[in-house]
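Trainee: To be precise about what I am sending: the file is called final-v5.pdb and holds PDB, C-alpha atoms, pLDDT in the B column.
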```
ATOM      1  CA  MET A1101       1.527  43.880 -44.386  1.00 49.00           C
ATOM      2  CA  SER A1102       3.534  41.156 -46.109  1.00 47.00           C
ATOM      3  CA  SER A1103       1.982  38.788 -48.607  1.00 48.00           C
ATOM      4  CA  GLU A1104       2.962  35.881 -46.338  1.00 45.00           C
ATOM      5  CA  SER A1105       0.897  37.285 -43.451  1.00 44.00           C
ATOM      6  CA  THR A1106      -2.033  37.905 -45.779  1.00 46.00           C
ATOM      7  CA  ASP A1107      -1.873  34.321 -47.018  1.00 48.00           C
ATOM      8  CA  LYS A1108      -1.878  32.973 -43.439  1.00 42.00           C
ATOM      9  CA  GLN A1109      -4.903  35.094 -42.500  1.00 45.00           C
ATOM     10  CA  ALA A1110      -6.749  33.891 -45.580  1.00 46.00           C
ATOM     11  CA  GLU A1111      -5.932  30.301 -44.691  1.00 43.00           C
ATOM     12  CA  VAL A1112      -7.251  30.729 -41.138  1.00 41.00           C
ATOM     13  CA  LYS A1113     -10.491  32.258 -42.452  1.00 46.00           C
ATOM     14  CA  ALA A1114     -10.924  29.489 -45.001  1.00 44.00           C
ATOM     15  CA  ASN A1115     -10.202  26.764 -42.441  1.00 45.00           C
ATOM     16  CA  PRO A1116     -11.460  28.021 -39.078  1.00 50.00           C
ATOM     17  CA  LYS A1117     -10.729  25.919 -36.017  1.00 52.00           C
ATOM     18  CA  ALA A1118     -13.619  23.590 -35.262  1.00 57.00           C
ATOM     19  CA  SER A1119     -15.416  24.340 -32.018  1.00 66.00           C
ATOM     20  CA  ILE A1120     -15.398  21.664 -29.330  1.00 65.00           C
ATOM     21  CA  PHE A1121     -19.195  21.971 -29.219  1.00 66.00           C
ATOM     22  CA  ASP A1122     -19.704  21.299 -32.921  1.00 68.00           C
ATOM     23  CA  GLY A1123     -21.796  18.136 -33.222  1.00 66.00           C
ATOM     24  CA  TRP A1124     -22.167  17.744 -29.463  1.00 65.00           C
ATOM     25  CA  ASN A1125     -25.574  16.087 -29.943  1.00 71.00           C
ATOM     26  CA  ALA A1126     -24.492  13.648 -32.649  1.00 77.00           C
ATOM     27  CA  PRO A1127     -25.798  10.102 -32.013  1.00 72.00           C
ATOM     28  CA  PRO A1128     -22.326   8.675 -31.227  1.00 77.00           C
ATOM     29  CA  ASN A1129     -21.856  11.371 -28.595  1.00 78.00           C
ATOM     30  CA  LEU A1130     -25.256  10.571 -27.085  1.00 81.00           C
ATOM     31  CA  VAL A1131     -24.087   6.984 -26.678  1.00 82.00           C
ATOM     32  CA  THR A1132     -20.986   8.293 -24.901  1.00 83.00           C
ATOM     33  CA  TYR A1133     -23.102  10.408 -22.540  1.00 85.00           C
ATOM     34  CA  SER A1134     -25.284   7.377 -21.781  1.00 86.00           C
ATOM     35  CA  ARG A1135     -22.160   5.398 -20.955  1.00 87.00           C
ATOM     36  CA  ILE A1136     -21.132   8.049 -18.438  1.00 89.00           C
ATOM     37  CA  VAL A1137     -24.525   7.735 -16.702  1.00 91.00           C
ATOM     38  CA  LEU A1138     -24.059   3.952 -16.674  1.00 92.00           C
ATOM     39  CA  VAL A1139     -20.656   4.413 -15.075  1.00 93.00           C
ATOM     40  CA  ILE A1140     -22.175   6.402 -12.211  1.00 93.00           C
ATOM     41  CA  ILE A1141     -24.789   3.701 -11.585  1.00 96.00           C
ATOM     42  CA  PHE A1142     -22.098   1.021 -11.650  1.00 97.00           C
ATOM     43  CA  LEU A1143     -19.940   2.838  -9.106  1.00 96.00           C
ATOM     44  CA  VAL A1144     -22.857   3.315  -6.699  1.00 97.00           C
ATOM     45  CA  LEU A1145     -23.785  -0.374  -6.870  1.00 97.00           C
ATOM     46  CA  ASP A1146     -20.177  -1.488  -6.529  1.00 97.00           C
ATOM     47  CA  VAL A1147     -19.697   0.596  -3.385  1.00 97.00           C
ATOM     48  CA  MET A1148     -22.967  -0.687  -1.912  1.00 97.00           C
ATOM     49  CA  ALA A1149     -21.907  -4.284  -2.581  1.00 97.00           C
ATOM     50  CA  GLY A1150     -18.878  -3.913  -0.323  1.00 96.00           C
ATOM     51  CA  GLU A1151     -15.483  -5.618  -0.359  1.00 95.00           C
ATOM     52  CA  TRP A1152     -15.540  -8.577  -2.763  1.00 94.00           C
ATOM     53  CA  GLY A1153     -19.335  -8.269  -2.693  1.00 94.00           C
ATOM     54  CA  ALA A1154     -19.533  -9.368   0.942  1.00 92.00           C
ATOM     55  CA  ASP A1155     -22.259  -6.849   1.870  1.00 95.00           C
ATOM     56  CA  ASN A1156     -24.529  -7.666  -1.059  1.00 96.00           C
ATOM     57  CA  LEU A1157     -23.472 -10.366  -3.478  1.00 95.00           C
ATOM     58  CA  THR A1158     -26.327  -9.653  -5.899  1.00 96.00           C
ATOM     59  CA  LEU A1159     -25.286  -5.998  -6.251  1.00 97.00           C
ATOM     60  CA  ARG A1160     -21.717  -7.126  -6.939  1.00 97.00           C
ATOM     61  CA  TRP A1161     -22.871  -9.337  -9.802  1.00 97.00           C
ATOM     62  CA  VAL A1162     -25.050  -6.547 -11.197  1.00 97.00           C
ATOM     63  CA  ALA A1163     -22.204  -4.028 -10.879  1.00 97.00           C
ATOM     64  CA  ALA A1164     -19.836  -6.379 -12.707  1.00 97.00           C
ATOM     65  CA  VAL A1165     -22.334  -6.861 -15.542  1.00 96.00           C
ATOM     66  CA  LEU A1166     -22.895  -3.094 -15.829  1.00 96.00           C
ATOM     67  CA  PHE A1167     -19.136  -2.576 -15.995  1.00 96.00           C
ATOM     68  CA  ILE A1168     -18.867  -5.072 -18.846  1.00 94.00           C
ATOM     69  CA  ILE A1169     -21.772  -3.417 -20.695  1.00 91.00           C
ATOM     70  CA  ALA A1170     -20.316   0.075 -20.226  1.00 90.00           C
ATOM     71  CA  ALA A1171     -16.897  -1.076 -21.422  1.00 88.00           C
ATOM     72  CA  SER A1172     -18.382  -2.835 -24.456  1.00 84.00           C
ATOM     73  CA  THR A1173     -20.355   0.203 -25.634  1.00 78.00           C
ATOM     74  CA  ASP A1174     -17.082   2.047 -26.182  1.00 72.00           C
ATOM     75  CA  LYS A1175     -16.840   0.304 -29.540  1.00 73.00           C
ATOM     76  CA  ILE A1176     -20.399   1.243 -30.488  1.00 78.00           C
ATOM     77  CA  ASP A1177     -19.981   5.021 -30.422  1.00 72.00           C
ATOM     78  CA  GLY A1178     -16.611   4.788 -32.182  1.00 68.00           C
ATOM     79  CA  TRP A1179     -18.077   2.565 -34.899  1.00 69.00           C
ATOM     80  CA  MET A1180     -21.063   4.882 -35.363  1.00 74.00           C
ATOM     81  CA  ALA A1181     -18.844   7.954 -35.588  1.00 71.00           C
ATOM     82  CA  ARG A1182     -16.674   6.430 -38.317  1.00 71.00           C
ATOM     83  CA  LYS A1183     -19.447   4.728 -40.276  1.00 74.00           C
ATOM     84  CA  TYR A1184     -21.706   7.789 -40.480  1.00 68.00           C
ATOM     85  CA  ASN A1185     -18.882  10.318 -40.692  1.00 75.00           C
ATOM     86  CA  GLN A1186     -19.814  11.925 -37.365  1.00 69.00           C
ATOM     87  CA  VAL A1187     -16.373  12.124 -35.800  1.00 73.00           C
ATOM     88  CA  THR A1188     -16.347  15.325 -33.732  1.00 74.00           C
ATOM     89  CA  GLU A1189     -13.897  17.123 -31.457  1.00 70.00           C
ATOM     90  CA  MET A1190     -16.376  16.581 -28.620  1.00 75.00           C
ATOM     91  CA  GLY A1191     -16.475  12.863 -29.337  1.00 72.00           C
ATOM     92  CA  LYS A1192     -12.689  12.556 -29.487  1.00 71.00           C
ATOM     93  CA  LEU A1193     -12.495  14.295 -26.124  1.00 73.00           C
ATOM     94  CA  MET A1194     -15.437  12.732 -24.270  1.00 78.00           C
ATOM     95  CA  ASP A1195     -14.878   9.146 -25.422  1.00 76.00           C
ATOM     96  CA  PRO A1196     -11.550   8.692 -23.597  1.00 74.00           C
ATOM     97  CA  ILE A1197     -12.905  10.658 -20.618  1.00 79.00           C
ATOM     98  CA  ALA A1198     -15.813   8.191 -20.352  1.00 84.00           C
ATOM     99  CA  ASP A1199     -13.308   5.336 -20.471  1.00 81.00           C
ATOM    100  CA  LYS A1200     -11.227   6.908 -17.721  1.00 84.00           C
ATOM    101  CA  LEU A1201     -14.254   7.510 -15.489  1.00 90.00           C
ATOM    102  CA  LEU A1202     -15.183   3.860 -15.842  1.00 92.00           C
ATOM    103  CA  THR A1203     -11.784   2.253 -15.383  1.00 93.00           C
ATOM    104  CA  CYS A1204     -10.264   4.697 -12.888  1.00 93.00           C
ATOM    105  CA  GLY A1205     -13.471   4.755 -10.837  1.00 95.00           C
ATOM    106  CA  ALA A1206     -13.498   0.968 -10.703  1.00 97.00           C
ATOM    107  CA  MET A1207      -9.827   0.828  -9.696  1.00 97.00           C
ATOM    108  CA  ILE A1208     -10.276   3.388  -6.923  1.00 97.00           C
ATOM    109  CA  VAL A1209     -13.164   1.400  -5.427  1.00 97.00           C
ATOM    110  CA  CYS A1210     -11.193  -1.852  -5.745  1.00 97.00           C
ATOM    111  CA  SER A1211      -8.204  -0.250  -3.995  1.00 98.00           C
ATOM    112  CA  VAL A1212     -10.395   1.126  -1.205  1.00 97.00           C
ATOM    113  CA  PHE A1213     -11.719  -2.406  -0.677  1.00 97.00           C
ATOM    114  CA  GLY A1214      -8.203  -3.873  -0.736  1.00 96.00           C
ATOM    115  CA  GLU A1215      -8.833  -5.812  -3.957  1.00 97.00           C
ATOM    116  CA  LEU A1216      -6.149  -3.962  -5.946  1.00 97.00           C
ATOM    117  CA  GLY A1217      -2.886  -2.408  -4.809  1.00 97.00           C
ATOM    118  CA  TRP A1218      -2.946   1.374  -4.443  1.00 97.00           C
ATOM    119  CA  TRP A1219       0.386   1.647  -6.272  1.00 97.00           C
ATOM    120  CA  VAL A1220      -1.257   0.230  -9.410  1.00 97.00           C
ATOM    121  CA  THR A1221      -4.200   2.612  -9.171  1.00 97.00           C
ATOM    122  CA  ALA A1222      -1.916   5.576  -8.427  1.00 97.00           C
ATOM    123  CA  LEU A1223       0.209   4.994 -11.548  1.00 96.00           C
ATOM    124  CA  PHE A1224      -2.903   4.669 -13.692  1.00 95.00           C
ATOM    125  CA  LEU A1225      -4.381   7.855 -12.228  1.00 95.00           C
ATOM    126  CA  ILE A1226      -1.203   9.898 -12.693  1.00 94.00           C
ATOM    127  CA  ARG A1227      -1.023   8.937 -16.356  1.00 90.00           C
ATOM    128  CA  GLU A1228      -4.753   9.212 -17.119  1.00 86.00           C
ATOM    129  CA  ILE A1229      -5.329  12.538 -15.348  1.00 87.00           C
ATOM    130  CA  GLY A1230      -2.107  13.985 -16.739  1.00 86.00           C
ATOM    131  CA  ILE A1231      -2.961  13.097 -20.340  1.00 82.00           C
ATOM    132  CA  THR A1232      -6.566  14.284 -19.965  1.00 75.00           C
ATOM    133  CA  VAL A1233      -5.478  17.686 -18.621  1.00 79.00           C
ATOM    134  CA  MET A1234      -2.919  17.924 -21.395  1.00 78.00           C
ATOM    135  CA  ARG A1235      -5.635  17.350 -24.000  1.00 71.00           C
ATOM    136  CA  PHE A1236      -7.373  20.522 -22.821  1.00 69.00           C
ATOM    137  CA  PHE A1237      -4.167  22.550 -23.108  1.00 71.00           C
ATOM    138  CA  VAL A1238      -3.514  21.154 -26.588  1.00 69.00           C
ATOM    139  CA  MET A1239      -6.999  22.233 -27.686  1.00 62.00           C
ATOM    140  CA  GLU A1240      -6.365  25.781 -26.503  1.00 56.00           C
ATOM    141  CA  ARG A1241      -3.148  26.200 -28.437  1.00 59.00           C
ATOM    142  CA  PRO A1242      -3.300  28.042 -31.793  1.00 54.00           C
ATOM    143  CA  GLY A1243      -4.322  25.429 -34.324  1.00 56.00           C
ATOM    144  CA  GLY A1244      -4.650  22.899 -31.512  1.00 55.00           C
ATOM    145  CA  LYS A1245      -6.716  19.801 -32.121  1.00 59.00           C
ATOM    146  CA  VAL A1246      -7.646  16.864 -29.951  1.00 56.00           C
ATOM    147  CA  ILE A1247      -5.291  13.983 -30.650  1.00 60.00           C
ATOM    148  CA  ALA A1248      -7.202  10.729 -30.811  1.00 58.00           C
ATOM    149  CA  ALA A1249      -5.975   7.712 -28.857  1.00 60.00           C
ATOM    150  CA  ALA A1250      -3.224   5.706 -30.571  1.00 69.00           C
ATOM    151  CA  TRP A1251      -3.199   1.919 -30.795  1.00 79.00           C
ATOM    152  CA  PRO A1252      -1.146   1.367 -27.581  1.00 82.00           C
ATOM    153  CA  GLY A1253      -3.754   3.354 -25.632  1.00 81.00           C
ATOM    154  CA  LYS A1254      -6.590   1.409 -27.197  1.00 82.00           C
ATOM    155  CA  LEU A1255      -4.857  -1.887 -26.433  1.00 90.00           C
ATOM    156  CA  LYS A1256      -4.313  -0.698 -22.861  1.00 90.00           C
ATOM    157  CA  THR A1257      -8.033  -0.045 -22.517  1.00 86.00           C
ATOM    158  CA  VAL A1258      -8.847  -3.568 -23.726  1.00 91.00           C
ATOM    159  CA  PHE A1259      -6.510  -5.244 -21.221  1.00 95.00           C
ATOM    160  CA  GLN A1260      -7.642  -2.911 -18.456  1.00 94.00           C
ATOM    161  CA  CYS A1261     -11.335  -3.592 -19.038  1.00 93.00           C
ATOM    162  CA  VAL A1262     -10.835  -7.355 -19.321  1.00 96.00           C
ATOM    163  CA  GLY A1263      -8.740  -7.466 -16.146  1.00 97.00           C
ATOM    164  CA  LEU A1264     -11.144  -5.317 -14.147  1.00 97.00           C
ATOM    165  CA  SER A1265     -14.149  -7.301 -15.402  1.00 97.00           C
ATOM    166  CA  MET A1266     -12.523 -10.502 -14.155  1.00 97.00           C
ATOM    167  CA  LEU A1267     -11.705  -8.853 -10.826  1.00 97.00           C
ATOM    168  CA  LEU A1268     -15.231  -7.505 -10.349  1.00 97.00           C
ATOM    169  CA  LEU A1269     -16.921 -10.825 -11.068  1.00 97.00           C
ATOM    170  CA  PRO A1270     -17.266 -12.592  -7.682  1.00 95.00           C
ATOM    171  CA  MET A1271     -16.016 -15.937  -8.953  1.00 94.00           C
ATOM    172  CA  TRP A1272     -15.058 -16.988  -5.445  1.00 89.00           C
ATOM    173  CA  THR A1273     -18.745 -17.645  -4.760  1.00 89.00           C
ATOM    174  CA  LEU A1274     -18.745 -20.522  -7.248  1.00 89.00           C
ATOM    175  CA  ASP A1275     -16.744 -22.726  -4.868  1.00 83.00           C
ATOM    176  CA  ASN A1276     -17.809 -23.616  -1.333  1.00 81.00           C
ATOM    177  CA  SER A1277     -14.864 -25.849  -0.393  1.00 80.00           C
ATOM    178  CA  ALA A1278     -12.778 -25.158   2.706  1.00 76.00           C
ATOM    179  CA  THR A1279      -9.573 -24.665   0.699  1.00 85.00           C
ATOM    180  CA  THR A1280      -9.012 -22.455  -2.338  1.00 85.00           C
ATOM    181  CA  PRO A1281      -9.184 -24.629  -5.474  1.00 91.00           C
ATOM    182  CA  MET A1282      -6.424 -24.529  -8.086  1.00 94.00           C
ATOM    183  CA  TRP A1283      -8.712 -23.090 -10.775  1.00 93.00           C
ATOM    184  CA  LEU A1284      -9.622 -20.118  -8.582  1.00 94.00           C
ATOM    185  CA  THR A1285      -5.959 -19.406  -7.795  1.00 94.00           C
ATOM    186  CA  GLY A1286      -5.187 -19.547 -11.510  1.00 96.00           C
ATOM    187  CA  TYR A1287      -8.147 -17.293 -12.280  1.00 97.00           C
ATOM    188  CA  TYR A1288      -6.978 -14.502  -9.999  1.00 96.00           C
ATOM    189  CA  PHE A1289      -3.350 -14.932 -11.078  1.00 97.00           C
ATOM    190  CA  LEU A1290      -4.463 -14.378 -14.678  1.00 98.00           C
ATOM    191  CA  THR A1291      -6.668 -11.458 -13.594  1.00 98.00           C
ATOM    192  CA  TYR A1292      -3.835  -9.528 -11.954  1.00 98.00           C
ATOM    193  CA  THR A1293      -1.419 -10.404 -14.761  1.00 98.00           C
ATOM    194  CA  ILE A1294      -3.774  -8.827 -17.301  1.00 98.00           C
ATOM    195  CA  ILE A1295      -4.092  -5.706 -15.130  1.00 97.00           C
ATOM    196  CA  TYR A1296      -0.287  -5.410 -14.850  1.00 97.00           C
ATOM    197  CA  VAL A1297       0.057  -5.746 -18.629  1.00 97.00           C
ATOM    198  CA  ALA A1298      -2.505  -2.957 -18.943  1.00 96.00           C
ATOM    199  CA  LEU A1299      -0.370  -0.828 -16.602  1.00 96.00           C
ATOM    200  CA  VAL A1300       2.705  -1.289 -18.793  1.00 95.00           C
ATOM    201  CA  LEU A1301       0.685  -0.354 -21.879  1.00 94.00           C
ATOM    202  CA  CYS A1302      -0.761   2.600 -19.961  1.00 92.00           C
ATOM    203  CA  LEU A1303       2.670   4.080 -19.240  1.00 92.00           C
ATOM    204  CA  TYR A1304       3.958   3.298 -22.725  1.00 92.00           C
ATOM    205  CA  SER A1305       0.949   4.845 -24.471  1.00 89.00           C
ATOM    206  CA  GLY A1306       1.340   7.935 -22.298  1.00 87.00           C
ATOM    207  CA  GLY A1307       4.879   8.299 -23.604  1.00 88.00           C
ATOM    208  CA  VAL A1308       3.642   7.849 -27.168  1.00 85.00           C
ATOM    209  CA  TYR A1309       1.043  10.584 -26.655  1.00 82.00           C
ATOM    210  CA  LEU A1310       3.665  12.999 -25.320  1.00 83.00           C
ATOM    211  CA  TYR A1311       5.907  12.230 -28.294  1.00 82.00           C
ATOM    212  CA  ASN A1312       3.119  12.728 -30.842  1.00 78.00           C
ATOM    213  CA  THR A1313       2.043  15.969 -29.158  1.00 76.00           C
ATOM    214  CA  PHE A1314       5.343  17.734 -28.583  1.00 74.00           C
ATOM    215  CA  VAL A1315       8.189  16.016 -30.417  1.00 76.00           C
ATOM    216  CA  ALA A1316       6.684  14.834 -33.715  1.00 69.00           C
ATOM    217  CA  PRO A1317       5.277  18.260 -34.764  1.00 67.00           C
ATOM    218  CA  LYS A1318       8.675  19.908 -34.251  1.00 70.00           C
ATOM    219  CA  LYS A1319      10.389  17.248 -36.349  1.00 71.00           C
ATOM    220  CA  ALA A1320       7.798  17.739 -39.079  1.00 70.00           C
ATOM    221  CA  GLU A1321       8.560  21.459 -39.196  1.00 69.00           C
ATOM    222  CA  GLN A1322      12.269  20.875 -39.662  1.00 66.00           C
TER     223      GLN A1322
END
```
Mind converting the file's structure to structure tokens?
Mentor:
Amino acid sequence: MSSESTDKQAEVKANPKASIFDGWNAPPNLVTYSRIVLVIIFLVLDVMAGEWGADNLTLRWVAAVLFIIAASTDKIDGWMARKYNQVTEMGKLMDPIADKLLTCGAMIVCSVFGELGWWVTALFLIREIGITVMRFFVMERPGGKVIAAAWPGKLKTVFQCVGLSMLLLPMWTLDNSATTPMWLTGYYFLTYTIIYVALVLCLYSGGVYLYNTFVAPKKAEQ
């Protein structure tokens, strides 16, 4: 056996690959799990509220508030993980999955109700599901590690959550006039603009992830 092979084996033993389950019950991860439960409750209420909240306006307001709360807690578990040095492979995997369950679930319901075009939701789903599946394959590769979200992906999530929050809030109930007021037209124009910006960032960040996963490591080896 060559000395080079011996050195590589010693390095692997000294630095074993971290298990995905290491630190699964860390406080930041518990916050992430709680957010997933909140997402399920939100989706049930949103469906029960009906299109634009026509079936139950109160449930629509509650669903919108729960969405905002669930989206906001994303920063809490990330902050806790960094502050208390509890960043885990499980956390890096489950955190974006929780985000995708929230945002993609909301978009699917909105598209079913005709509040958001299916083409927008389809593009988001293709990117989000594709990247999520790819994360699992990356983890299974020799020396594979979960690649945390880059800044374009994080910015995408911000725009996406803001846009969907504005869409979910039944602002149309605040005006009882026979014609649609200018402020309401402007509100929904801004809402859809923010969602479209999020879509552009979504596709761009997906390309960045593919580059960082497959292209950058090969360049580093050269």
Trainee: Let me know the residues the PyMOL selection byres ((chain A and resi 1266-1279) around 12) catches in the file above, as JSON, numbers by chain.
Mentor: {"A": [1142, 1143, 1145, 1146, 1147, 1149, 1150, 1151, 1152, 1153, 1154, 1156, 1157, 1158, 1159, 1160, 1161, 1162, 1163, 1164, 1165, 1166, 1167, 1168, 1203, 1206, 1207, 1209, 1210, 1211, 1213, 1214, 1215, 1216, 1259, 1260, 1261, 1262, 1263, 1264, 1265, 1280, 1281, 1282, 1283, 1284, 1285, 1286, 1287, 1288, 1289, 1290, 1291, 1292, 1293, 1294, 1295]}
Trainee: Would you compute the distance between atom CA of A:Val1308 and atom CA of A:Phe1237? Give it in Å to one decimal.
Mentor: 17.1 Å
Trainee: Nearest to A:Tyr1133: which of A:Gly1191, A:Ile1231, A:Lys1254, A:Ala1298 is it, counting all atoms listed in the file?
Mentor: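 Looking at the shortest contact to A:Tyr1133, the residue is A:Gly1191.
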Trainee: I'd like to know which of A:Glu1228, A:Val1297, A:Lys1319, A:Tyr1311 is closest to A:Lys1200, using all atoms listed in the file.
Mentor: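 Closest residue, counting all atoms listed in the file: A:Glu1228.
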Trainee: When the PyMOL selection byres ((chain A and resi 1300) around 12) is applied to the file above, which residues end up in the set, as a ChimeraX atom specification?
Mentor: /A:1220,1223-1224,1227,1252-1253,1255-1257,1259-1260,1293-1299,1301-1307
Trainee: How many Å lie between atom CA of A:Cys1204 and atom CA of A:Glu1189, rounded to one decimal?
Mentor: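 Between atom CA of A:Cys1204 and atom CA of A:Glu1189 the gap works out to 22.6 Å.
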Trainee: So what do you get for atom CA of A:Met1194 versus atom CA of A:Val1315, distance-wise?
Mentor: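 These atoms are spaced 24.6 Å apart.
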Trainee: Here's the selection I'm unsure about, the PyMOL selection byres ((chain A and resi 1135) around 12); applied to the file above, which residues does it give, as an MDAnalysis selection string?
Mentor: chainID A and resid 1128:1134 1136:1142 1166:1177 1194:1202
Trainee: Which centre and which edge lengths, in Å to one decimal, describe the axis-aligned box that holds all listed atoms of stretch 1126-1142 of chain A after 4 Å is added on each side, as JSON?
Mentor:
```
{"center_x": -23.2, "center_y": 7.3, "center_z": -22.1, "size_x": 13.1, "size_y": 20.6, "size_z": 29.1}
```
